[in-house]
Amino acid sequence: MMDALSVVTQLRDLASEPQNREAIVQDQGCLPGLVLFLDHKDPKVLFATLQTLRYLAESPRNISTMKNELGMMVSLEILVQRTGMTTDITDLAKEVYDVLSAQRPTVQTPEQQKRRNKPQFFINSSNKKAKSVTLHIQGLDGADQRGVCEEALLRVKGVISFTFQMALKRCTVRIRADLPTESLATAIAATKVLSAKQVVKNENGEEVLIPLSTSGSKVEENSLLPDYLPEDESPEKELDRAVSRTGAKQDTGGSWLNTAASFLTKTFYW
């Protein structure tokens, strides 16, 4: 049986793939449902919802639709001002609000379009309290290892979000500015099957890998850790059929996206 947290975490995972983002926003049920989730009482649901919206906002074609969605901007503004929220939630809510509010040029140069299409999440953020770190992860060879890495990063308090470039064995992690990069490496090394080095550019503009210390780095664990579905229930194996094909809007009968949209529009637990 679906619940709010399982729906939004799976939708977030789908939204992390660039080819799925426009189809999700164009669906008549998903976006209104996400707006309703912005008023959810569970912090885990709120955080996963904001991550989903931030992924969707990476597609320039989605900005206008998202901004004009009934209740979207008002709900984000209320969430930013709501007392009792964690810093991670309020910071991410403000970031989504700022991205949707920003004035974008109607015509982009090829170079601007190239930069916009890079598979990055939260890069060039206006949020000064956060930073982005790119890691090269040894052992990141498939979906199982990615799941292990996700669980490790989610346990680190101060991690806002992350996205993977599986072909390059890289992960770009959005973290609070006061979180040491070594904490990420320590958490990843604790898996016993993965290790991480930081990707930086030298004075010549060339990318180099910097080893990170994993000894003596204390990792503060996140108490708001979402419960993920078992691997055999994950929608990741159904991504192509669920969303990503060009004809997805005409070919979603019985798909997970249809089921999720139905849940979002008909069933809420608060």
# chains A, B, ... in the order shown; residues from 1 in each chain; ligands from 1
call {"tool": "residues_around", "arguments": {"residues": "segment 57-68 of chain A", "least_positions_apart": "5", "cutoff": "7 Å", "atoms": "only C-alpha atoms", "output": "list in words"}}
result
Arg21, Glu22, Val25, Met73 and Leu100 of chain A
call {"tool": "write_last_selection", "arguments": {"atoms": "N, CA, C and O atoms", "output": "tab-separated table (two decimals), in the first residue's frame"}}
result
chain	number	residue	atom	x	y	z
A	21	ARG	N	11.95	14.75	-16.10
A	21	ARG	CA	11.45	15.92	-15.38
A	21	ARG	C	10.27	16.61	-16.06
A	21	ARG	O	9.29	16.97	-15.41
A	22	GLU	N	10.32	16.77	-17.37
A	22	GLU	CA	9.22	17.45	-18.06
A	22	GLU	C	7.95	16.61	-18.05
A	22	GLU	O	6.85	17.14	-17.90
A	25	VAL	N	6.21	17.06	-14.64
A	25	VAL	CA	5.53	18.35	-14.50
A	25	VAL	C	4.29	18.43	-15.38
A	25	VAL	O	3.28	19.02	-14.99
A	73	MET	N	3.98	28.96	-5.01
A	73	MET	CA	4.83	30.01	-4.47
A	73	MET	C	4.39	30.39	-3.05
A	73	MET	O	5.23	30.64	-2.17
A	100	LEU	N	12.48	29.51	-8.79
A	100	LEU	CA	11.24	29.73	-9.53
A	100	LEU	C	10.95	31.21	-9.73
A	100	LEU	O	10.28	31.59	-10.69
call {"tool": "closest_residue", "arguments": {"among": "A:Ser132, A:Thr90, A:Thr49, A:Ser101", "to": "Leu179 of chain A", "atoms": "only C-alpha atoms"}}
result
A:Ser132
call {"tool": "atom_distance", "arguments": {"atom1": "atom CA of Leu79 of chain A", "atom2": "atom CA of Thr52 of chain A"}}
result
15.4 Å
call {"tool": "closest_residue", "arguments": {"among": "A:Leu76, A:Ala130, A:Leu194, A:Ala102", "to": "Asp178 of chain A", "atoms": "only C-alpha atoms"}}
result
A:Ala130
call {"tool": "select_by_dssp", "arguments": {"residues": "segment 119-220 of chain A", "states": "strand (DSSP E)", "output": "PyMOL selection string"}}
result
chain A and resi 130-138+159-165+170-176+195-201+207-211
call {"tool": "select_by_dssp", "arguments": {"residues": "segment 141-222 of chain A", "states": "alpha helix (DSSP H)", "output": "ChimeraX atom specification"}}
result
/A:143-154,181-189
call {"tool": "closest_residue", "arguments": {"among": "A:Gln26, A:Ser6, A:Thr163, A:Thr191", "to": "Glu151 of chain A", "atoms": "only C-alpha atoms"}}
result
A:Thr191
call {"tool": "atom_distance", "arguments": {"atom1": "atom CA of Ala15 of chain A", "atom2": "atom CA of Leu53 of chain A"}}
result
8.3 Å
call {"tool": "closest_residue", "arguments": {"among": "A:Gln51, A:Gln81, A:Thr86, A:Ser195", "to": "Leu135 of chain A", "atoms": "only C-alpha atoms"}}
result
A:Ser195
call {"tool": "atom_distance", "arguments": {"atom1": "atom CA of Leu38 of chain A", "atom2": "atom CA of Met85 of chain A"}}
result
12.3 Å
call {"tool": "closest_residue", "arguments": {"among": "A:Leu56, A:Ala93, A:Leu212, A:Leu154", "to": "Gln19 of chain A", "atoms": "only C-alpha atoms"}}
result
A:Leu56
